[in-house]
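Note: the block below is run_34.cif and it holds mmCIF, N, CA and C atoms.
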```cif
data_final
loop_
_atom_site.group_PDB
_atom_site.id
_atom_site.type_symbol
_atom_site.label_atom_id
_atom_site.label_comp_id
_atom_site.auth_asym_id
_atom_site.auth_seq_id
_atom_site.Cartn_x
_atom_site.Cartn_y
_atom_site.Cartn_z
ATOM 1 N N MET K 1 7.101 18.565 24.480
ATOM 2 C CA MET K 1 7.963 17.935 23.501
ATOM 3 C C MET K 1 7.513 16.510 23.208
ATOM 4 N N ASN K 2 7.181 15.776 24.251
ATOM 5 C CA ASN K 2 6.750 14.399 24.075
ATOM 6 C C ASN K 2 5.442 14.338 23.292
ATOM 7 N N ARG K 3 4.536 15.285 23.552
ATOM 8 C CA ARG K 3 3.258 15.314 22.835
ATOM 9 C C ARG K 3 3.486 15.528 21.338
ATOM 10 N N MET K 4 4.416 16.405 20.952
ATOM 11 C CA MET K 4 4.688 16.663 19.546
ATOM 12 C C MET K 4 5.281 15.422 18.884
ATOM 13 N N ALA K 5 6.195 14.765 19.556
ATOM 14 C CA ALA K 5 6.808 13.558 18.992
ATOM 15 C C ALA K 5 5.762 12.468 18.835
ATOM 16 N N THR K 6 4.890 12.326 19.821
ATOM 17 C CA THR K 6 3.840 11.315 19.732
ATOM 18 C C THR K 6 2.894 11.642 18.586
ATOM 19 N N GLY K 7 2.509 12.901 18.451
ATOM 20 C CA GLY K 7 1.622 13.292 17.358
ATOM 21 C C GLY K 7 2.259 13.071 15.998
ATOM 22 N N TRP K 8 3.560 13.375 15.903
ATOM 23 C CA TRP K 8 4.260 13.156 14.637
ATOM 24 C C TRP K 8 4.301 11.681 14.305
ATOM 25 N N TRP K 9 4.631 10.842 15.289
ATOM 26 C CA TRP K 9 4.715 9.400 15.040
ATOM 27 C C TRP K 9 3.355 8.841 14.663
ATOM 28 N N GLU K 10 2.302 9.289 15.330
ATOM 29 C CA GLU K 10 0.956 8.810 15.005
ATOM 30 C C GLU K 10 0.570 9.184 13.585
ATOM 31 N N SER K 11 0.945 10.370 13.149
ATOM 32 C CA SER K 11 0.582 10.791 11.794
ATOM 33 C C SER K 11 1.372 10.033 10.735
ATOM 34 N N THR K 12 2.619 9.664 11.052
ATOM 35 C CA THR K 12 3.419 8.946 10.058
ATOM 36 C C THR K 12 3.180 7.450 10.087
ATOM 37 N N ALA K 13 2.703 6.951 11.196
ATOM 38 C CA ALA K 13 2.515 5.514 11.326
ATOM 39 C C ALA K 13 1.254 5.036 10.627
ATOM 40 N N THR K 14 0.396 5.927 10.198
ATOM 41 C CA THR K 14 -0.825 5.519 9.511
ATOM 42 C C THR K 14 -0.712 5.890 8.041
ATOM 43 N N PHE K 15 -0.612 4.888 7.232
ATOM 44 C CA PHE K 15 -0.539 5.118 5.789
ATOM 45 C C PHE K 15 -1.944 5.155 5.192
ATOM 46 N N LYS K 16 -2.956 4.911 6.038
ATOM 47 C CA LYS K 16 -4.332 4.814 5.557
ATOM 48 C C LYS K 16 -4.910 6.157 5.128
ATOM 49 N N LYS K 17 -4.415 7.232 5.719
ATOM 50 C CA LYS K 17 -4.929 8.551 5.349
ATOM 51 C C LYS K 17 -4.334 8.971 4.010
ATOM 52 N N CYS K 18 -5.164 9.475 3.124
ATOM 53 C CA CYS K 18 -4.729 9.966 1.809
ATOM 54 C C CYS K 18 -4.000 8.876 1.017
ATOM 55 N N THR K 19 -4.526 7.679 1.073
ATOM 56 C CA THR K 19 -3.878 6.546 0.413
ATOM 57 C C THR K 19 -3.756 6.754 -1.087
ATOM 58 N N VAL K 20 -4.750 7.346 -1.712
ATOM 59 C CA VAL K 20 -4.715 7.555 -3.164
ATOM 60 C C VAL K 20 -3.556 8.471 -3.539
ATOM 61 N N GLU K 21 -3.395 9.561 -2.825
ATOM 62 C CA GLU K 21 -2.320 10.495 -3.128
ATOM 63 C C GLU K 21 -0.954 9.851 -2.896
ATOM 64 N N LYS K 22 -0.805 9.153 -1.781
ATOM 65 C CA LYS K 22 0.476 8.540 -1.453
ATOM 66 C C LYS K 22 0.826 7.426 -2.430
ATOM 67 N N THR K 23 -0.166 6.617 -2.783
ATOM 68 C CA THR K 23 0.065 5.548 -3.750
ATOM 69 C C THR K 23 0.384 6.117 -5.125
ATOM 70 N N SER K 24 -0.310 7.180 -5.508
ATOM 71 C CA SER K 24 -0.035 7.825 -6.796
ATOM 72 C C SER K 24 1.390 8.356 -6.849
ATOM 73 N N PHE K 25 1.835 8.972 -5.764
ATOM 74 C CA PHE K 25 3.188 9.513 -5.704
ATOM 75 C C PHE K 25 4.227 8.405 -5.873
ATOM 76 N N VAL K 26 4.066 7.324 -5.121
ATOM 77 C CA VAL K 26 5.021 6.206 -5.202
ATOM 78 C C VAL K 26 4.950 5.545 -6.574
ATOM 79 N N PHE K 27 3.745 5.377 -7.132
ATOM 80 C CA PHE K 27 3.591 4.765 -8.453
ATOM 81 C C PHE K 27 4.272 5.602 -9.535
ATOM 82 N N LEU K 28 4.092 6.912 -9.488
ATOM 83 C CA LEU K 28 4.730 7.775 -10.484
ATOM 84 C C LEU K 28 6.247 7.754 -10.339
ATOM 85 N N CYS K 29 6.740 7.675 -9.117
ATOM 86 C CA CYS K 29 8.194 7.550 -8.916
ATOM 87 C C CYS K 29 8.704 6.241 -9.503
ATOM 88 N N LEU K 30 7.957 5.157 -9.287
ATOM 89 C CA LEU K 30 8.335 3.864 -9.849
ATOM 90 C C LEU K 30 8.295 3.898 -11.373
ATOM 91 N N LEU K 31 7.275 4.514 -11.934
ATOM 92 C CA LEU K 31 7.164 4.627 -13.386
ATOM 93 C C LEU K 31 8.306 5.464 -13.956
ATOM 94 N N ASP K 32 8.676 6.530 -13.270
ATOM 95 C CA ASP K 32 9.812 7.344 -13.695
ATOM 96 C C ASP K 32 11.097 6.525 -13.654
ATOM 97 N N LEU K 33 11.261 5.721 -12.626
ATOM 98 C CA LEU K 33 12.429 4.851 -12.515
ATOM 99 C C LEU K 33 12.499 3.870 -13.677
ATOM 100 N N ILE K 34 11.386 3.226 -13.978
ATOM 101 C CA ILE K 34 11.338 2.242 -15.064
ATOM 102 C C ILE K 34 11.615 2.900 -16.410
ATOM 103 N N LEU K 35 10.996 4.042 -16.652
ATOM 104 C CA LEU K 35 11.203 4.741 -17.921
ATOM 105 C C LEU K 35 12.635 5.242 -18.058
ATOM 106 N N THR K 36 13.214 5.713 -16.959
ATOM 107 C CA THR K 36 14.602 6.168 -16.995
ATOM 108 C C THR K 36 15.533 5.010 -17.320
ATOM 109 N N MET K 37 15.325 3.875 -16.667
ATOM 110 C CA MET K 37 16.166 2.708 -16.923
ATOM 111 C C MET K 37 15.992 2.213 -18.358
ATOM 112 N N ALA K 38 14.761 2.231 -18.865
ATOM 113 C CA ALA K 38 14.526 1.806 -20.245
ATOM 114 C C ALA K 38 15.227 2.736 -21.221
ATOM 115 N N ALA K 39 15.140 4.036 -20.986
ATOM 116 C CA ALA K 39 15.770 4.999 -21.882
ATOM 117 C C ALA K 39 17.288 4.836 -21.888
ATOM 118 N N VAL K 40 17.872 4.665 -20.716
ATOM 119 C CA VAL K 40 19.327 4.497 -20.628
ATOM 120 C C VAL K 40 19.749 3.192 -21.306
ATOM 121 N N ASN K 41 18.973 2.131 -21.125
ATOM 122 C CA ASN K 41 19.290 0.858 -21.777
ATOM 123 C C ASN K 41 19.178 0.933 -23.300
ATOM 124 N N LEU K 42 18.342 1.855 -23.794
ATOM 125 C CA LEU K 42 18.211 2.041 -25.241
ATOM 126 C C LEU K 42 19.292 2.959 -25.806
ATOM 127 N N GLY K 43 20.094 3.540 -24.927
ATOM 128 C CA GLY K 43 21.182 4.389 -25.395
ATOM 129 C C GLY K 43 20.950 5.875 -25.238
ATOM 130 N N LEU K 44 19.821 6.275 -24.694
ATOM 131 C CA LEU K 44 19.573 7.692 -24.451
ATOM 132 C C LEU K 44 20.344 8.139 -23.215
ATOM 133 N N THR K 45 20.601 9.417 -23.110
ATOM 134 C CA THR K 45 21.324 9.932 -21.953
ATOM 135 C C THR K 45 20.363 10.676 -21.036
ATOM 136 N N GLU K 46 20.675 10.636 -19.770
ATOM 137 C CA GLU K 46 19.889 11.345 -18.760
ATOM 138 C C GLU K 46 20.318 12.806 -18.746
ATOM 139 N N ILE K 47 19.353 13.728 -18.832
ATOM 140 C CA ILE K 47 19.711 15.144 -18.858
ATOM 141 C C ILE K 47 19.910 15.718 -17.461
ATOM 142 N N ASN K 48 19.414 15.038 -16.434
ATOM 143 C CA ASN K 48 19.629 15.474 -15.063
ATOM 144 C C ASN K 48 21.000 14.968 -14.616
ATOM 145 N N PRO K 49 21.950 15.854 -14.323
ATOM 146 C CA PRO K 49 23.303 15.398 -13.976
ATOM 147 C C PRO K 49 23.354 14.555 -12.703
ATOM 148 N N LEU K 50 22.500 14.853 -11.732
ATOM 149 C CA LEU K 50 22.486 14.054 -10.509
ATOM 150 C C LEU K 50 22.036 12.623 -10.794
ATOM 151 N N VAL K 51 20.952 12.485 -11.540
ATOM 152 C CA VAL K 51 20.461 11.149 -11.889
ATOM 153 C C VAL K 51 21.455 10.458 -12.812
ATOM 154 N N GLY K 52 22.080 11.209 -13.708
ATOM 155 C CA GLY K 52 23.104 10.627 -14.573
ATOM 156 C C GLY K 52 24.244 10.024 -13.773
ATOM 157 N N TYR K 53 24.621 10.676 -12.688
ATOM 158 C CA TYR K 53 25.659 10.127 -11.803
ATOM 159 C C TYR K 53 25.136 8.911 -11.044
ATOM 160 N N LEU K 54 23.893 9.010 -10.542
ATOM 161 C CA LEU K 54 23.333 7.911 -9.746
ATOM 162 C C LEU K 54 23.146 6.635 -10.553
ATOM 163 N N ILE K 55 22.900 6.767 -11.851
ATOM 164 C CA ILE K 55 22.711 5.590 -12.703
ATOM 165 C C ILE K 55 23.964 4.718 -12.702
ATOM 166 N N GLN K 56 25.109 5.340 -12.505
ATOM 167 C CA GLN K 56 26.366 4.585 -12.489
ATOM 168 C C GLN K 56 26.499 3.726 -11.233
ATOM 169 N N ILE K 57 25.714 4.018 -10.195
ATOM 170 C CA ILE K 57 25.738 3.247 -8.945
ATOM 171 C C ILE K 57 24.323 2.701 -8.731
ATOM 172 N N PRO K 58 24.028 1.507 -9.274
ATOM 173 C CA PRO K 58 22.647 1.002 -9.272
ATOM 174 C C PRO K 58 21.979 0.937 -7.894
ATOM 175 N N ALA K 59 22.687 0.523 -6.868
ATOM 176 C CA ALA K 59 22.065 0.420 -5.546
ATOM 177 C C ALA K 59 21.652 1.798 -5.028
ATOM 178 N N LEU K 60 22.505 2.783 -5.209
ATOM 179 C CA LEU K 60 22.189 4.140 -4.788
ATOM 180 C C LEU K 60 21.053 4.721 -5.636
ATOM 181 N N PHE K 61 21.072 4.427 -6.929
ATOM 182 C CA PHE K 61 20.024 4.887 -7.831
ATOM 183 C C PHE K 61 18.664 4.347 -7.391
ATOM 184 N N LEU K 62 18.592 3.052 -7.087
ATOM 185 C CA LEU K 62 17.328 2.461 -6.640
ATOM 186 C C LEU K 62 16.890 3.028 -5.296
ATOM 187 N N MET K 63 17.838 3.268 -4.406
ATOM 188 C CA MET K 63 17.473 3.822 -3.109
ATOM 189 C C MET K 63 16.889 5.225 -3.260
ATOM 190 N N VAL K 64 17.547 6.036 -4.071
ATOM 191 C CA VAL K 64 17.080 7.411 -4.252
ATOM 192 C C VAL K 64 15.731 7.434 -4.967
ATOM 193 N N LYS K 65 15.557 6.573 -5.961
ATOM 194 C CA LYS K 65 14.338 6.610 -6.776
ATOM 195 C C LYS K 65 13.166 5.835 -6.174
ATOM 196 N N MET K 66 13.428 4.914 -5.214
ATOM 197 C CA MET K 66 12.323 4.152 -4.636
ATOM 198 C C MET K 66 12.211 4.294 -3.119
ATOM 199 N N PHE K 67 13.278 4.100 -2.393
ATOM 200 C CA PHE K 67 13.193 4.127 -0.936
ATOM 201 C C PHE K 67 12.826 5.512 -0.417
ATOM 202 N N ILE K 68 13.487 6.517 -0.915
ATOM 203 C CA ILE K 68 13.224 7.883 -0.447
ATOM 204 C C ILE K 68 11.792 8.327 -0.768
ATOM 205 N N PRO K 69 11.253 8.068 -1.973
ATOM 206 C CA PRO K 69 9.851 8.435 -2.211
ATOM 207 C C PRO K 69 8.855 7.716 -1.283
ATOM 208 N N VAL K 70 9.137 6.462 -0.945
ATOM 209 C CA VAL K 70 8.249 5.749 -0.015
ATOM 210 C C VAL K 70 8.291 6.413 1.360
ATOM 211 N N VAL K 71 9.470 6.793 1.809
ATOM 212 C CA VAL K 71 9.598 7.472 3.102
ATOM 213 C C VAL K 71 8.882 8.822 3.063
ATOM 214 N N ILE K 72 9.055 9.552 1.963
ATOM 215 C CA ILE K 72 8.372 10.845 1.823
ATOM 216 C C ILE K 72 6.861 10.662 1.854
ATOM 217 N N ALA K 73 6.357 9.662 1.125
ATOM 218 C CA ALA K 73 4.916 9.407 1.104
ATOM 219 C C ALA K 73 4.419 8.978 2.480
ATOM 220 N N TRP K 74 5.237 8.271 3.215
ATOM 221 C CA TRP K 74 4.853 7.820 4.550
ATOM 222 C C TRP K 74 4.750 9.004 5.520
ATOM 223 N N ILE K 75 5.668 9.946 5.396
ATOM 224 C CA ILE K 75 5.752 11.039 6.375
ATOM 225 C C ILE K 75 4.788 12.185 6.059
ATOM 226 N N LEU K 76 4.747 12.595 4.797
ATOM 227 C CA LEU K 76 3.967 13.796 4.452
ATOM 228 C C LEU K 76 2.482 13.497 4.330
ATOM 229 N N PRO K 77 1.654 14.457 4.699
ATOM 230 C CA PRO K 77 0.218 14.320 4.423
ATOM 231 C C PRO K 77 -0.022 14.333 2.907
ATOM 232 N N GLY K 78 -1.039 13.633 2.466
ATOM 233 C CA GLY K 78 -1.319 13.495 1.046
ATOM 234 C C GLY K 78 -1.498 14.808 0.317
ATOM 235 N N LYS K 79 -2.120 15.796 0.977
ATOM 236 C CA LYS K 79 -2.356 17.079 0.285
ATOM 237 C C LYS K 79 -1.049 17.801 -0.031
ATOM 238 N N LEU K 80 -0.004 17.554 0.747
ATOM 239 C CA LEU K 80 1.289 18.171 0.449
ATOM 240 C C LEU K 80 2.008 17.466 -0.698
ATOM 241 N N LEU K 81 1.553 16.276 -1.049
ATOM 242 C CA LEU K 81 2.151 15.551 -2.172
ATOM 243 C C LEU K 81 1.552 15.963 -3.518
ATOM 244 N N LEU K 82 0.425 16.657 -3.506
ATOM 245 C CA LEU K 82 -0.262 16.995 -4.757
ATOM 246 C C LEU K 82 0.607 17.756 -5.758
ATOM 247 N N PRO K 83 1.364 18.790 -5.355
ATOM 248 C CA PRO K 83 2.230 19.450 -6.345
ATOM 249 C C PRO K 83 3.280 18.488 -6.923
ATOM 250 N N SER K 84 3.828 17.626 -6.080
ATOM 251 C CA SER K 84 4.819 16.656 -6.561
ATOM 252 C C SER K 84 4.194 15.650 -7.502
ATOM 253 N N ILE K 85 2.967 15.251 -7.227
ATOM 254 C CA ILE K 85 2.273 14.310 -8.105
ATOM 255 C C ILE K 85 2.074 14.942 -9.471
ATOM 256 N N GLY K 86 1.670 16.205 -9.504
ATOM 257 C CA GLY K 86 1.501 16.900 -10.781
ATOM 258 C C GLY K 86 2.803 17.012 -11.548
ATOM 259 N N LEU K 87 3.861 17.372 -10.852
ATOM 260 C CA LEU K 87 5.170 17.493 -11.494
ATOM 261 C C LEU K 87 5.678 16.135 -11.983
ATOM 262 N N LEU K 88 5.524 15.110 -11.168
ATOM 263 C CA LEU K 88 5.949 13.765 -11.581
ATOM 264 C C LEU K 88 5.145 13.270 -12.786
ATOM 265 N N ALA K 89 3.860 13.598 -12.820
ATOM 266 C CA ALA K 89 3.037 13.204 -13.977
ATOM 267 C C ALA K 89 3.577 13.858 -15.247
ATOM 268 N N LEU K 90 3.968 15.120 -15.153
ATOM 269 C CA LEU K 90 4.554 15.798 -16.319
ATOM 270 C C LEU K 90 5.880 15.165 -16.720
ATOM 271 N N VAL K 91 6.699 14.781 -15.749
ATOM 272 C CA VAL K 91 7.979 14.123 -16.038
ATOM 273 C C VAL K 91 7.748 12.783 -16.723
ATOM 274 N N VAL K 92 6.777 12.024 -16.236
ATOM 275 C CA VAL K 92 6.479 10.714 -16.838
ATOM 276 C C VAL K 92 5.964 10.896 -18.262
ATOM 277 N N ILE K 93 5.101 11.874 -18.476
ATOM 278 C CA ILE K 93 4.603 12.145 -19.832
ATOM 279 C C ILE K 93 5.764 12.537 -20.745
ATOM 280 N N TRP K 94 6.672 13.380 -20.260
ATOM 281 C CA TRP K 94 7.849 13.771 -21.029
ATOM 282 C C TRP K 94 8.691 12.544 -21.378
ATOM 283 N N ASN K 95 8.920 11.674 -20.395
ATOM 284 C CA ASN K 95 9.719 10.471 -20.634
ATOM 285 C C ASN K 95 9.083 9.570 -21.693
ATOM 286 N N ILE K 96 7.787 9.389 -21.600
ATOM 287 C CA ILE K 96 7.082 8.560 -22.587
ATOM 288 C C ILE K 96 7.191 9.179 -23.971
ATOM 289 N N LYS K 97 7.011 10.507 -24.052
ATOM 290 C CA LYS K 97 7.123 11.200 -25.338
ATOM 291 C C LYS K 97 8.499 11.002 -25.944
ATOM 292 N N GLU K 98 9.535 11.183 -25.132
ATOM 293 C CA GLU K 98 10.905 11.022 -25.629
ATOM 294 C C GLU K 98 11.185 9.587 -26.076
ATOM 295 N N LEU K 99 10.698 8.622 -25.333
ATOM 296 C CA LEU K 99 10.898 7.225 -25.731
ATOM 297 C C LEU K 99 10.163 6.903 -27.030
ATOM 298 N N VAL K 100 8.956 7.398 -27.175
ATOM 299 C CA VAL K 100 8.186 7.156 -28.407
ATOM 300 C C VAL K 100 8.899 7.793 -29.585
ATOM 301 N N ILE K 101 9.349 9.032 -29.449
ATOM 302 C CA ILE K 101 10.061 9.709 -30.547
ATOM 303 C C ILE K 101 11.314 8.935 -30.912
ATOM 304 N N PHE K 102 12.058 8.483 -29.922
ATOM 305 C CA PHE K 102 13.277 7.713 -30.163
ATOM 306 C C PHE K 102 12.979 6.398 -30.880
ATOM 307 N N LEU K 103 11.920 5.717 -30.449
ATOM 308 C CA LEU K 103 11.606 4.410 -31.037
ATOM 309 C C LEU K 103 11.016 4.524 -32.426
ATOM 310 N N VAL K 104 10.340 5.631 -32.731
ATOM 311 C CA VAL K 104 9.719 5.817 -34.060
ATOM 312 C C VAL K 104 10.780 6.164 -35.093
ATOM 313 N N GLN K 105 11.828 6.855 -34.695
ATOM 314 C CA GLN K 105 12.860 7.287 -35.662
ATOM 315 C C GLN K 105 13.595 6.123 -36.238
#
```

As a first step, turn the structure in this file into structure tokens.
Amino acid sequence: MNRMATGWWESTATFKKCTVEKTSFVFLCLLDLILTMAAVNLGLTEINPLVGYLIQIPALFLMVKMFIPVVIAWILPGKLLLPSIGLLALVVIWNIKELVIFLVQ
């Protein structure tokens, strides 16, 4: 049991492994946060009901959108973040598209 806990702590305590993947994941989460806040400030509504609720509580919204992704990136190996990075990239592209369409109209 002690060996497993030590191995887990050693793997999470080093952020140096898979730095590109982990940084990309956190960066995309931050970009999603910024785009979401910009869209809401422009008068658009959030289609995700959970995020729509969290926006009403700014401290909780920031914790969910920034603190939790940093913890996830710290704990998980970079290769396990790849599907999330792809999905987050699509979400960010969608957000940018929606903001551009809104601003052009």

**Study point:** Distance criterion (all atoms listed in the file): nearest to K:Pro69 out of K:Ala89, K:Leu103, K:Cys29, K:Ala39
**Key:** K:Cys29

Check your understanding: Which is closer to K:Val91 than all the others in K:Val104, K:Cys18, K:Ala59, K:Leu31, using all atoms listed in the file?
Key -> K:Leu31

Check your understanding: Near K:Gly78, counting only C-alpha atoms, which residues have an atom at most 8 Å away, once you skip same-chain residues fewer than 5 positions from it, shown as a count of residues only?
Key -> 6

Exercise for review: as a ChimeraX atom specification, please: all residues of chain K that backbone DSSP puts in helix (DSSP H, G or I).
Suggested key: /K:2-13,19-41,49-55,58-75,78-104

**Study point:** Nearest to K:Met63, chosen from K:Pro83, K:Leu33, K:Ser24, K:Gln105, with only C-alpha atoms counted in the distances
**Key:**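 Answer, going by the shortest atom-to-atom distance: K:Leu33.
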
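Computed from the coordinates, the atom CA of K:Leu44 to atom C of K:Ile101 distance equals 10.6 Å.
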
When the PyMOL selection byres (((chain K and resi 66 and name CA) around 12) and name CA) is applied to the structure above, which residues does it catch, written out as a PDB file with N, CA and C atoms, keeping the file's coordinate frame?
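The resulting file, selection-v9.pdb, is shown below:
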```
ATOM      1  N   PHE K  25       1.835   8.972  -5.764  1.00  0.00           N
ATOM      2  CA  PHE K  25       3.188   9.513  -5.704  1.00  0.00           C
ATOM      3  C   PHE K  25       4.227   8.405  -5.873  1.00  0.00           C
ATOM      4  N   VAL K  26       4.066   7.324  -5.121  1.00  0.00           N
ATOM      5  CA  VAL K  26       5.021   6.206  -5.202  1.00  0.00           C
ATOM      6  C   VAL K  26       4.950   5.545  -6.574  1.00  0.00           C
ATOM      7  N   PHE K  27       3.745   5.377  -7.132  1.00  0.00           N
ATOM      8  CA  PHE K  27       3.591   4.765  -8.453  1.00  0.00           C
ATOM      9  C   PHE K  27       4.272   5.602  -9.535  1.00  0.00           C
ATOM     10  N   LEU K  28       4.092   6.912  -9.488  1.00  0.00           N
ATOM     11  CA  LEU K  28       4.730   7.775 -10.484  1.00  0.00           C
ATOM     12  C   LEU K  28       6.247   7.754 -10.339  1.00  0.00           C
ATOM     13  N   CYS K  29       6.740   7.675  -9.117  1.00  0.00           N
ATOM     14  CA  CYS K  29       8.194   7.550  -8.916  1.00  0.00           C
ATOM     15  C   CYS K  29       8.704   6.241  -9.503  1.00  0.00           C
ATOM     16  N   LEU K  30       7.957   5.157  -9.287  1.00  0.00           N
ATOM     17  CA  LEU K  30       8.335   3.864  -9.849  1.00  0.00           C
ATOM     18  C   LEU K  30       8.295   3.898 -11.373  1.00  0.00           C
ATOM     19  N   LEU K  31       7.275   4.514 -11.934  1.00  0.00           N
ATOM     20  CA  LEU K  31       7.164   4.627 -13.386  1.00  0.00           C
ATOM     21  C   LEU K  31       8.306   5.464 -13.956  1.00  0.00           C
ATOM     22  N   ASP K  32       8.676   6.530 -13.270  1.00  0.00           N
ATOM     23  CA  ASP K  32       9.812   7.344 -13.695  1.00  0.00           C
ATOM     24  C   ASP K  32      11.097   6.525 -13.654  1.00  0.00           C
ATOM     25  N   LEU K  33      11.261   5.721 -12.626  1.00  0.00           N
ATOM     26  CA  LEU K  33      12.429   4.851 -12.515  1.00  0.00           C
ATOM     27  C   LEU K  33      12.499   3.870 -13.677  1.00  0.00           C
ATOM     28  N   ILE K  34      11.386   3.226 -13.978  1.00  0.00           N
ATOM     29  CA  ILE K  34      11.338   2.242 -15.064  1.00  0.00           C
ATOM     30  C   ILE K  34      11.615   2.900 -16.410  1.00  0.00           C
ATOM     31  N   PRO K  58      24.028   1.507  -9.274  1.00  0.00           N
ATOM     32  CA  PRO K  58      22.647   1.002  -9.272  1.00  0.00           C
ATOM     33  C   PRO K  58      21.979   0.937  -7.894  1.00  0.00           C
ATOM     34  N   ALA K  59      22.687   0.523  -6.868  1.00  0.00           N
ATOM     35  CA  ALA K  59      22.065   0.420  -5.546  1.00  0.00           C
ATOM     36  C   ALA K  59      21.652   1.798  -5.028  1.00  0.00           C
ATOM     37  N   LEU K  60      22.505   2.783  -5.209  1.00  0.00           N
ATOM     38  CA  LEU K  60      22.189   4.140  -4.788  1.00  0.00           C
ATOM     39  C   LEU K  60      21.053   4.721  -5.636  1.00  0.00           C
ATOM     40  N   PHE K  61      21.072   4.427  -6.929  1.00  0.00           N
ATOM     41  CA  PHE K  61      20.024   4.887  -7.831  1.00  0.00           C
ATOM     42  C   PHE K  61      18.664   4.347  -7.391  1.00  0.00           C
ATOM     43  N   LEU K  62      18.592   3.052  -7.087  1.00  0.00           N
ATOM     44  CA  LEU K  62      17.328   2.461  -6.640  1.00  0.00           C
ATOM     45  C   LEU K  62      16.890   3.028  -5.296  1.00  0.00           C
ATOM     46  N   MET K  63      17.838   3.268  -4.406  1.00  0.00           N
ATOM     47  CA  MET K  63      17.473   3.822  -3.109  1.00  0.00           C
ATOM     48  C   MET K  63      16.889   5.225  -3.260  1.00  0.00           C
ATOM     49  N   VAL K  64      17.547   6.036  -4.071  1.00  0.00           N
ATOM     50  CA  VAL K  64      17.080   7.411  -4.252  1.00  0.00           C
ATOM     51  C   VAL K  64      15.731   7.434  -4.967  1.00  0.00           C
ATOM     52  N   LYS K  65      15.557   6.573  -5.961  1.00  0.00           N
ATOM     53  CA  LYS K  65      14.338   6.610  -6.776  1.00  0.00           C
ATOM     54  C   LYS K  65      13.166   5.835  -6.174  1.00  0.00           C
ATOM     55  N   PHE K  67      13.278   4.100  -2.393  1.00  0.00           N
ATOM     56  CA  PHE K  67      13.193   4.127  -0.936  1.00  0.00           C
ATOM     57  C   PHE K  67      12.826   5.512  -0.417  1.00  0.00           C
ATOM     58  N   ILE K  68      13.487   6.517  -0.915  1.00  0.00           N
ATOM     59  CA  ILE K  68      13.224   7.883  -0.447  1.00  0.00           C
ATOM     60  C   ILE K  68      11.792   8.327  -0.768  1.00  0.00           C
ATOM     61  N   PRO K  69      11.253   8.068  -1.973  1.00  0.00           N
ATOM     62  CA  PRO K  69       9.851   8.435  -2.211  1.00  0.00           C
ATOM     63  C   PRO K  69       8.855   7.716  -1.283  1.00  0.00           C
ATOM     64  N   VAL K  70       9.137   6.462  -0.945  1.00  0.00           N
ATOM     65  CA  VAL K  70       8.249   5.749  -0.015  1.00  0.00           C
ATOM     66  C   VAL K  70       8.291   6.413   1.360  1.00  0.00           C
ATOM     67  N   VAL K  71       9.470   6.793   1.809  1.00  0.00           N
ATOM     68  CA  VAL K  71       9.598   7.472   3.102  1.00  0.00           C
ATOM     69  C   VAL K  71       8.882   8.822   3.063  1.00  0.00           C
ATOM     70  N   ILE K  72       9.055   9.552   1.963  1.00  0.00           N
ATOM     71  CA  ILE K  72       8.372  10.845   1.823  1.00  0.00           C
ATOM     72  C   ILE K  72       6.861  10.662   1.854  1.00  0.00           C
ATOM     73  N   ALA K  73       6.357   9.662   1.125  1.00  0.00           N
ATOM     74  CA  ALA K  73       4.916   9.407   1.104  1.00  0.00           C
ATOM     75  C   ALA K  73       4.419   8.978   2.480  1.00  0.00           C
TER      76      ALA K  73
END
```

Practice item. In Å, rounded to a single decimal, give me how far atom C of K:Leu82 is from atom N of K:Ile55. Key: 25.6 Å

Point to revise | Spatial sel., origin (15.6, 9.1, -21.9), limit 8 Å, only N, CA and C atoms, listed as a list in words | key: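 Those residues lying close to the given coordinates are Leu35, Thr36, Met37, Ala38, Ala39, Val40, Asn41, Leu42, Gly43, Leu44, Thr45, Glu46, Ile47, Trp94, Asn95, Ile96, Glu98 and Leu99 of chain K.
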